[in-house]
Amino acid sequence: MKKSALQIARAAYQPKLPVTLTGAVKAVEGAPTQSVADQDDIKKLFPNTYGMPELRFEKNPAPAPGKPFNVGVILSGGQAPGGHNVICGLFDGIKKINKDSRLYGFLMGPGGLVDHQYKELTSDIIDEYRNTGGFDIIGSGRTKLEKKEKGLEPLAALIMLQKARQPILELAEEYVDEEKEVKTAKEAVSGAQDIIAESISDEADYRIWIRKITAQKGKIVSVAKDEKAESVICRYIETITSKIEDQKVLTLLFDNFHLCDE
């Protein structure tokens, strides 16, 4: 793929780093730490860690050669502008320690770790994503590992099909299991809904469709918490978002709301 001048310039950009991250560092121990108050009580609660010294990282002028090692990385949650550069920085860091170190990315979030889906992130792959936003290099996910352990995937599939012949709460009774910490049918349904939300969030086509339908048919709805209180919200507003110009939304809100005196 031919790159534009902007893409070439962006790839060449060097993010600014603190001095301690520009080369080899060493950990220097400082004074022992202690809590602000209740020292004896907290020391009893955390006997193995209380009083440990603070650490300060400084540049190491004479680093010892490092051994090669493998590192795994997972991205979780929604897209973020710095996701790719975090991985690129990790790659650069382990290669500085030893050029034979390897970086592996688990695909589509924590689910990639559970399902053993991963790939090695080589320099060719890394360089394609330098200074670009998002999580596209290995994908992301919102997999809640505890939901999988509770065996609620079949219930989630039944809800997704929307062809149940009996109320969902009745179906969910079959998935109540004290040992798996699913104590009620409502908890089973809630766990199944989390699984459904995760599967939808992982599908780019779903997200595109949701954004489109929200822009076309979404509504801004505001209701006064206390209809008798004139100092809060005096009127009910319902507006089709697709018919409002972006720059007029803020004006509309200010024109139709009264601010509290407090």
# chains A, B, ... in the order shown; residues from 1 in each chain; ligands from 1
>>> residues_around(residues="segment 115-120 of chain A", least_positions_apart="2", cutoff="7 Å", atoms="only C-alpha atoms", output="list in words")
Leu103, Tyr104, Gly105, Phe106, Leu107, Gly111, Gly112, Leu113 and Thr122 of chain A
>>> residues_around(residues="segment 124-136 of chain A", least_positions_apart="3", cutoff="8 Å", atoms="only C-alpha atoms", output="VMD selection string")
chain A and resid 10 to 11 13 75 79 to 85 88 91 121 139 to 140
>>> residues_around(residues="Ala192 of chain A", least_positions_apart="3", cutoff="6 Å", atoms="only C-alpha atoms", output="list in words")
Leu152, Ala156, Val189 and Ile195 of chain A
>>> write_last_selection(atoms="N, CA and C atoms", output="tab-separated table (two decimals), in the first residue's frame")
chain	number	residue	atom	x	y	z
A	152	LEU	N	-22.71	-19.62	31.21
A	152	LEU	CA	-23.92	-18.90	30.80
A	152	LEU	C	-23.99	-18.66	29.29
A	156	ALA	N	-27.08	-17.10	26.91
A	156	ALA	CA	-26.86	-15.92	26.08
A	156	ALA	C	-27.28	-16.20	24.64
A	189	VAL	N	-29.44	-14.14	34.07
A	189	VAL	CA	-29.80	-13.29	32.92
A	189	VAL	C	-28.81	-12.14	32.79
A	195	ILE	N	-22.40	-11.25	28.36
A	195	ILE	CA	-21.78	-12.02	27.28
A	195	ILE	C	-22.27	-11.51	25.93
>>> residues_around(residues="Pro154 of chain A", least_positions_apart="5", cutoff="10 Å", atoms="only C-alpha atoms", output="number ranges by chain")
A: 159-160, 175, 192
>>> residues_around(residues="Glu187 of chain A", least_positions_apart="3", cutoff="12 Å", atoms="only C-alpha atoms", output="PyMOL selection string")
chain A and resi 147+150+152+155+168-169+172-178+180-184+190-194
>>> select_by_dssp(residues="segment 24-124 of chain A", states="helix (DSSP H, G or I)", output="ChimeraX atom specification")
/A:39-45,83-97,110-114,123-124
>>> write_last_selection(atoms="C-alpha atoms", output="CSV table (one decimal), in the first residue's frame")
chain,number,residue,atom,x,y,z
A,39,GLN,CA,0.9,2.4,61.5
A,40,ASP,CA,0.7,-0.6,63.9
A,41,ASP,CA,-2.8,-1.7,62.7
A,42,ILE,CA,-1.9,-1.5,59.0
A,43,LYS,CA,1.4,-3.3,59.6
A,44,LYS,CA,-0.6,-6.2,61.0
A,45,LEU,CA,-2.9,-6.3,58.0
A,83,GLY,CA,-3.0,1.9,22.3
A,84,HIS,CA,-0.7,1.2,19.4
A,85,ASN,CA,2.2,3.3,20.7
A,86,VAL,CA,2.0,1.5,24.1
A,87,ILE,CA,2.7,-1.7,22.2
A,88,CYS,CA,5.3,-0.2,20.0
A,89,GLY,CA,7.1,1.2,23.1
A,90,LEU,CA,7.0,-2.2,24.8
A,91,PHE,CA,8.4,-3.8,21.6
A,92,ASP,CA,11.2,-1.2,21.4
A,93,GLY,CA,12.0,-1.6,25.1
A,94,ILE,CA,12.4,-5.4,25.1
A,95,LYS,CA,14.5,-5.3,22.0
A,96,LYS,CA,16.9,-2.8,23.6
A,97,ILE,CA,17.3,-5.2,26.5
A,110,PRO,CA,-8.8,-11.5,27.2
A,111,GLY,CA,-10.7,-14.0,25.1
A,112,GLY,CA,-7.5,-14.5,23.1
A,113,LEU,CA,-5.7,-15.6,26.2
A,114,VAL,CA,-8.4,-18.1,27.1
A,123,SER,CA,9.1,-5.2,13.5
A,124,ASP,CA,7.2,-5.3,10.1
>>> atom_distance(atom1="atom CA of Asn60 of chain A", atom2="atom CA of Pro15 of chain A")
21.3 Å
>>> atom_distance(atom1="atom CA of Gly141 of chain A", atom2="atom CA of Glu198 of chain A")
6.9 Å
>>> closest_residue(among="A:Ser76, A:Gln7, A:Asn70, A:Gln166", to="Asn98 of chain A", atoms="only C-alpha atoms")
A:Asn70
>>> residues_around(residues="Val19 of chain A", least_positions_apart="6", cutoff="10 Å", atoms="only C-alpha atoms", output="number ranges by chain")
A: 25, 57-59
>>> write_last_selection(atoms="N, CA, C and O atoms", output="mmCIF file, in the first residue's frame")
data_model
loop_
_atom_site.group_PDB
_atom_site.id
_atom_site.type_symbol
_atom_site.label_atom_id
_atom_site.label_comp_id
_atom_site.auth_asym_id
_atom_site.auth_seq_id
_atom_site.Cartn_x
_atom_site.Cartn_y
_atom_site.Cartn_z
ATOM 1 N N VAL A 25 17.700 1.510 32.672
ATOM 2 C CA VAL A 25 17.444 2.126 33.972
ATOM 3 C C VAL A 25 17.794 1.149 35.083
ATOM 4 O O VAL A 25 17.926 -0.053 34.857
ATOM 5 N N PHE A 57 13.623 5.273 39.837
ATOM 6 C CA PHE A 57 14.270 4.736 38.644
ATOM 7 C C PHE A 57 15.208 5.792 38.041
ATOM 8 O O PHE A 57 14.790 6.911 37.769
ATOM 9 N N GLU A 58 16.452 5.382 37.859
ATOM 10 C CA GLU A 58 17.461 6.277 37.308
ATOM 11 C C GLU A 58 18.131 5.626 36.103
ATOM 12 O O GLU A 58 18.097 4.404 35.948
ATOM 13 N N LYS A 59 18.743 6.461 35.273
ATOM 14 C CA LYS A 59 19.475 5.925 34.126
ATOM 15 C C LYS A 59 20.653 5.084 34.607
ATOM 16 O O LYS A 59 21.332 5.425 35.570
#
>>> residues_around(residues="segment 26-33 of chain A", least_positions_apart="3", cutoff="12 Å", atoms="only C-alpha atoms", output="ChimeraX atom specification")
/A:20-21,23,36,39,43,49-64
>>> atom_distance(atom1="atom CA of Phe69 of chain A", atom2="atom CA of Lys99 of chain A")
9.7 Å
